[in-house]
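Engineer: I am attaching a structure below and will ask some questions about it afterwards.
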Amino acid sequence: MNDVVTELAGKFASLQFVKIEAENFPDISEEFEIAAVPTFAILKGGKTVERIEGAKAAELTNAVAKHAKGVSASNKSLAENDVKPAKDLNTRLKSLIESAPVMVFIKGTPQQPRCGFTRQLIDILGEQKIKYSSFNILVDEDVRQGLKAYSNWPTYPQMYVNGELIGGLDIVKELVSSGELVEMIEAN
């Protein structure tokens, strides 16, 4: 998670990232009700607006991107911000894909899907009682476009199991009807 936070700090240079060891600062830990390590608290105006408990890279990335909107940009020019080396993006994509045993890249969030295919995938995963993490591709255009090339899969949603592309909604539906999806996840 340190690499993820370092990358986020570089990408969102106008935000302030602070790391503390919970056991070394019991007063702060108590104030923020830290029950699990790591815990990430996103503050605005001194108030917690969102918290992520556990090593959930995709959820943290989504939350930071969501709350960074409207915060003044760093003093780099737009041209500098727009040019990102492909190697760095591929490293980031690989990290996101491998951040959970079952990872889905969707439009919107599981609570607020922004397209019908995403809604169907989330419903299927719920019906199958499959635990997963998700990344909202609508909050990060680099990930949205880069993942298409990285995975050689042109549409969303995309589902990965243990870092391997399973495919989109149609393939997931086929794997569910054959019973292979649950077997594939339980085997790992």
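Residue numbers start at 1 in each chain; chains themselves are named A, B, ... in the order of the structure tokens; ligands are numbered from 1 in the order shown.
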Residues within 8 Å of segment 7-11 of chain A, please, as a ChimeraX atom specification. Count only C-alpha atoms; anything in the same chain fewer than 4 positions from it doesn't count.
Structural biologist: /A:3,15-17,61,64
Engineer: Would you please give, as a CSV table (one decimal) with N, CA, C and O atoms, in the first residue's frame, all residues of segment 82-130 of chain A that DSSP assigns to strand (DSSP E) based on the backbone?
Structural biologist:
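Ended up saving to states_35.csv:
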chain,number,residue,atom,x,y,z
A,102,VAL,N,-10.4,-10.8,-6.6
A,102,VAL,CA,-11.4,-10.6,-7.7
A,102,VAL,C,-11.5,-9.1,-7.8
A,102,VAL,O,-11.8,-8.4,-6.9
A,103,MET,N,-11.1,-8.6,-9.0
A,103,MET,CA,-11.1,-7.1,-9.3
A,103,MET,C,-12.0,-6.8,-10.5
A,103,MET,O,-11.8,-7.5,-11.5
A,104,VAL,N,-12.9,-5.9,-10.4
A,104,VAL,CA,-13.7,-5.5,-11.5
A,104,VAL,C,-13.5,-4.0,-11.8
A,104,VAL,O,-13.4,-3.2,-10.9
A,105,PHE,N,-13.4,-3.7,-13.0
A,105,PHE,CA,-13.3,-2.3,-13.5
A,105,PHE,C,-14.6,-2.0,-14.1
A,105,PHE,O,-15.0,-2.6,-15.1
A,106,ILE,N,-15.3,-1.0,-13.5
A,106,ILE,CA,-16.7,-0.7,-13.8
A,106,ILE,C,-16.9,0.8,-14.0
A,106,ILE,O,-16.1,1.6,-13.7
Engineer: Which residue out of A:Val161, A:Leu93, A:Ile122, A:Val172 has the minimum interatomic distance to Asp140 of chain A when only C-alpha atoms are used?
Structural biologist: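 Ranked by minimum distance to Asp140 of chain A, first place goes to A:Leu93.
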Engineer: Of the residues A:Arg51, A:Leu43, A:Leu121, A:Ala57, which is the one nearest to Val5 of chain A, using only C-alpha atoms?
Structural biologist: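 The closest residue to Val5 of chain A is A:Ala57.
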Engineer: Compile the contact shell of Glu183 of chain A as JSON, numbers by chain: residues with an atom at most 12 Å away, counting only C-alpha atoms, same-chain residues fewer than 6 positions apart removed.
Structural biologist: {"A": [128, 130, 161, 175, 176, 177]}
Engineer: Write a file of the selected residues as a short mmCIF file (atom, residue, chain, number, x, y, z; two decimals), in the first residue's frame, keeping all heavy atoms.
Structural biologist:
data_model
loop_
_atom_site.label_atom_id
_atom_site.label_comp_id
_atom_site.auth_asym_id
_atom_site.auth_seq_id
_atom_site.Cartn_x
_atom_site.Cartn_y
_atom_site.Cartn_z
N GLN A 128 -23.93 -14.52 -6.57
CA GLN A 128 -22.98 -15.63 -6.42
C GLN A 128 -22.20 -15.54 -5.11
O GLN A 128 -21.36 -16.38 -4.83
CB GLN A 128 -22.01 -15.66 -7.60
CG GLN A 128 -22.68 -15.87 -8.95
CD GLN A 128 -23.33 -17.23 -9.04
OE1 GLN A 128 -22.72 -18.26 -8.74
NE2 GLN A 128 -24.59 -17.27 -9.47
N ILE A 130 -19.81 -13.50 -4.31
CA ILE A 130 -18.39 -13.37 -4.61
C ILE A 130 -17.89 -12.04 -4.05
O ILE A 130 -18.44 -10.99 -4.36
CB ILE A 130 -18.16 -13.44 -6.13
CG1 ILE A 130 -18.53 -14.84 -6.64
CG2 ILE A 130 -16.71 -13.10 -6.48
CD1 ILE A 130 -18.54 -14.97 -8.15
N VAL A 161 -9.47 -12.23 -12.14
CA VAL A 161 -9.35 -13.13 -11.00
C VAL A 161 -7.88 -13.46 -10.85
O VAL A 161 -7.25 -13.95 -11.80
CB VAL A 161 -10.20 -14.42 -11.18
CG1 VAL A 161 -9.93 -15.40 -10.05
CG2 VAL A 161 -11.68 -14.08 -11.27
N LEU A 175 -19.71 -18.19 -17.62
CA LEU A 175 -19.00 -18.91 -16.56
C LEU A 175 -19.92 -19.19 -15.38
O LEU A 175 -19.80 -20.24 -14.74
CB LEU A 175 -17.77 -18.12 -16.11
CG LEU A 175 -16.64 -18.01 -17.13
CD1 LEU A 175 -15.58 -17.03 -16.67
CD2 LEU A 175 -16.03 -19.39 -17.40
N VAL A 176 -20.84 -18.29 -15.10
CA VAL A 176 -21.80 -18.52 -14.01
C VAL A 176 -22.74 -19.66 -14.38
O VAL A 176 -22.97 -20.57 -13.58
CB VAL A 176 -22.61 -17.23 -13.69
CG1 VAL A 176 -23.82 -17.53 -12.82
CG2 VAL A 176 -21.72 -16.21 -13.00
N SER A 177 -23.28 -19.63 -15.61
CA SER A 177 -24.24 -20.67 -15.98
C SER A 177 -23.60 -22.05 -16.06
O SER A 177 -24.26 -23.05 -15.80
CB SER A 177 -24.96 -20.32 -17.29
OG SER A 177 -24.04 -20.23 -18.34
#
Engineer: For Leu147 of chain A, which residue among A:Ala100, A:Gly116, A:Ser178, A:Leu89 is the nearest when counting only C-alpha atoms?
Structural biologist: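 Of all the options, A:Leu89 lies closest to Leu147 of chain A.
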Engineer: Could you find all residues in segment 11-187 of chain A that DSSP calls alpha helix (DSSP H) from the backbone, and write them as a PyMOL selection string?
Structural biologist: chain A and resi 11+26-31+57-68+78-82+86-97+116-127+141-151+169-178+180-186
Engineer: Would you compute the distance between atom CA of Leu169 of chain A and atom CA of Arg119 of chain A? Give it in Å to one decimal.
Structural biologist: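 Between atom CA of Leu169 of chain A and atom CA of Arg119 of chain A the gap is 10.0 Å.
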